[in-house]
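Asks: This is the structure I want to talk about, given as structure tokens.
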Amino acid sequence: MAKLAVLLTLLALVGSVTCQGYTGNASPPTPITYPSPPSLSPSTPPTYPPPSSNPPSLAPVSPSPPTTYPPPSPTPPSPAPASPSPPSLGLRVGYYSSSCPKAEQIVKDTVKNAVYTNRGIGAGLVRLFFHDCFVEGCDASVLLDPTTANSRPEKLGVPNFPSLRGFEVIDAAKAALESACPGVVSCADVVAFAGRDAAYFLSNANIDFAMPAGRYDGRVSLADETLTNLPSPFAGLDQLKKNFADKGLDADDMVTLSGAHSIGVSHCSSFSDRLASTTSDMDAALKANLTRACNRTGDPTVVQDLKTPDKLDNQYYRNVLSRDVLFTSDAALRSSETGFSVFLNVVIPGRWESKFAAAMVKMGGIGIKTSANGEIRKNCRLVN
């Protein structure tokens, strides 16, 4: 009844709209109808590099080696449980205010230069933070390079290689920090700050929050842990909820963090199951366009959000409701359990941005290392 009351209130605000039904992708729920989201007036364009006047194309963005996920199976592997750590465990806002006062500004300036040059790198930095925290905790283990002692670190895992981006930005920020404050700022905190700052610039400053710091860098990085810990684009709702719950995150966090799919590109192999399926609920026009774009040599890439491909915003949730999303994991959010949250992220201005900020902080508290089991690396690609 509470949800119904909220819904009626929202309808009074947005005016008369046409109802559009949807059905959950994970399990057949009782049909529910939500109003089609109202059209919003165009937002003020960013003051940094203006968007292209040409509409986004479904043609491959830039050729890159394929990311090949294993085909979805009826029983996905169970993730290895992590030990979620609350942000209060040694983390605090302003952690470097005395030891390295300019630390956060140094990272922010480095990220700003990178995002202004290539907004795709900004999307990569948000994803880098997510992929770091979900495997071994937020400890910069995703940054470690192969060595004689460990030839298969996380960055070579199937979900990360070759699609994960932003390593050079972390290197540049860490080099500047080592010059200003040697041996003080951890690579794990650099990744967290960079993810926060990338979200700030990509959202035209609509996502703005303080990131607690005080993480130490981990020494363990294994490619074999990536598939069992990172949510798969082929996952249904139940598996997604388990992936997030294993990290101390709930279904609402899952819906919120999925909004990062509003920006960036994807390899066609990550949603090939939806193109081949005769039961896919993907919008027919989008499916036809994607089929043409993906019918090329290698494993082409396409933008994840055709409407606002260069902006981190709530357009993703409109796309979910209109069936204009790529992954099975995106379509799963139309279920009766999560669809109402999706709808609210469309119709309430600023709701998703504030929730995304809170979810990033919460995710940043997963598996925190301390001085007892971590270190402050001198080089983010190598353990000391």
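Following the order of the structure tokens, first chain is A, next is B, and so on, with residues numbered from 1 inside each chain and ligands from 1 in the order they appear.
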Output as a Markdown table one row per residue of range 222-271 of chain A within 12 Å of range 100-119 of chain A: the closest atom pair and its distance in Å to one decimal place, counting only C-alpha atoms, sorted by chain and residue number ascending.

Replies:
```
| residue | atom | partner | partner_atom | distance |
| --- | --- | --- | --- | --- |
| A:Ile263 | CA | A:Arg119 | CA | 9.0 |
| A:Gly264 | CA | A:Arg119 | CA | 8.3 |
| A:Val265 | CA | A:Arg119 | CA | 11.0 |
```

Asks: Please, could you write that set of residues out with all heavy atoms as a CSV table (one decimal), in the first residue's frame?

Replies:
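Everything below was put into part-v6.csv:
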```csv
chain,number,residue,atom,x,y,z
A,263,ILE,N,27.0,4.7,-19.4
A,263,ILE,CA,28.1,5.3,-20.1
A,263,ILE,C,29.1,4.1,-20.4
A,263,ILE,O,29.1,3.1,-19.8
A,263,ILE,CB,28.8,6.4,-19.4
A,263,ILE,CG1,29.7,7.2,-20.3
A,263,ILE,CG2,29.5,5.9,-18.1
A,263,ILE,CD1,30.1,8.6,-19.7
A,264,GLY,N,29.9,4.3,-21.5
A,264,GLY,CA,30.8,3.3,-21.8
A,264,GLY,C,30.4,2.4,-23.0
A,264,GLY,O,29.3,2.6,-23.6
A,265,VAL,N,31.2,1.5,-23.4
A,265,VAL,CA,30.9,0.6,-24.5
A,265,VAL,C,31.0,-0.9,-24.0
A,265,VAL,O,31.5,-1.2,-22.9
A,265,VAL,CB,31.9,0.8,-25.6
A,265,VAL,CG1,31.9,2.2,-26.1
A,265,VAL,CG2,33.4,0.4,-25.2
```

Asks: What is the CA of Glu337 in chain A-CA of Asp283 in chain A distance in Å, reported with one decimal?

Replies: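 One can read the CA of Glu337 in chain A to CA of Asp283 in chain A distance as 21.4 Å.
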
Asks: Please indicate the distance in Å from CA of Leu275 in chain A to CA of Gln304 in chain A, rounded to one decimal place.

Replies: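 Computing the Euclidean distance for CA of Leu275 in chain A and CA of Gln304 in chain A yields 14.7 Å.
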
Asks: Taking the backbone alone, and naming residues the way the document does, which bits of range 161-288 of chain A are helix (DSSP H, G or I) by DSSP, as a count of residues only?

Replies: 71

Asks: So how far away is CA of Ile368 in chain A from CA of Ala332 in chain A, in Å?

Replies: 29.9 Å

Asks: Identify which of the residues A:Asn160, A:Asn314, A:Thr228, A:Ser277 lies closest to Gly259 in chain A, counting only C-alpha atoms when measuring atom-to-atom distances.

Replies: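 Checking each candidate against Gly259 in chain A, we get A:Asn314 as the closest.
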
Asks: Check the smallest atom-to-atom distance from each of A:Thr328, A:Thr147, A:Ser322, A:Ser262 to Lys307 in chain A using only C-alpha atoms, then report the winner.

Replies: A:Ser262

Asks: At a cut-off of 6 Å, using only C-alpha atoms, what residues contact range 358-363 of chain A? Leave out same-chain residues fewer than 3 positions from it and give the result as a list of chain:residue names.

Replies: A:Asp253, A:Lys355, A:Ile366

Asks: Within range 105-339 of chain A, find each residue whose DSSP state, derived from the backbone, is strand (DSSP E or B), and express the selection as a list in words.

Replies: Ala213, Asp217, Val265, Ser266, His267, Thr301, Val302 and Val303 of chain A

Asks: Excluding Gly166 in chain A and its own-chain neighbours fewer than 5 positions away, which residues fall within 7 Å of it when counting only C-alpha atoms? Please give them as a VMD selection string.

Replies: chain A and resid 121 124 to 125

Asks: Taking only C-alpha atoms into account, name the residue in A:Ser270, A:Arg377, A:Gln315, A:Asn384 that is nearest to Glu178 in chain A.

Replies: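 Of A:Ser270, A:Arg377, A:Gln315, A:Asn384, the one nearest Glu178 in chain A is A:Arg377, counting only C-alpha atoms.
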
Asks: With a distance cut-off of 8 Å and only C-alpha atoms, select the neighbouring residues of Leu128 in chain A, excluding the residue or stretch itself and same-chain residues fewer than 4 positions from it, and output the selection as a list in words.

Replies: Gly124, Asp132, Val142, Leu164, Arg165, Gly166, Val191 and Gly195 of chain A

Asks: Restricting it to N, CA and C atoms, dump the selection as a tab-separated table (two decimals), in the first residue's frame.

Replies:
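Full text of again31.tsv as output:
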```tsv
chain	number	residue	atom	x	y	z
A	124	GLY	N	35.80	3.90	-17.77
A	124	GLY	CA	36.70	2.82	-17.35
A	124	GLY	C	37.12	2.94	-15.90
A	132	ASP	N	37.68	-3.74	-8.82
A	132	ASP	CA	38.66	-3.90	-7.75
A	132	ASP	C	37.97	-4.36	-6.46
A	142	VAL	N	43.47	-5.29	-8.44
A	142	VAL	CA	43.22	-5.32	-9.88
A	142	VAL	C	44.32	-4.62	-10.67
A	164	LEU	N	39.14	-3.83	-19.48
A	164	LEU	CA	39.28	-2.90	-18.36
A	164	LEU	C	40.26	-1.78	-18.71
A	165	ARG	N	39.88	-0.55	-18.38
A	165	ARG	CA	40.68	0.61	-18.78
A	165	ARG	C	40.94	1.53	-17.59
A	166	GLY	N	41.88	2.46	-17.79
A	166	GLY	CA	42.16	3.49	-16.80
A	166	GLY	C	43.43	3.29	-16.00
A	191	VAL	N	42.40	4.52	-6.53
A	191	VAL	CA	41.34	3.93	-7.34
A	191	VAL	C	39.97	4.43	-6.87
A	195	GLY	N	37.51	6.79	-9.15
A	195	GLY	CA	36.15	6.40	-9.49
A	195	GLY	C	35.15	7.47	-9.12
```
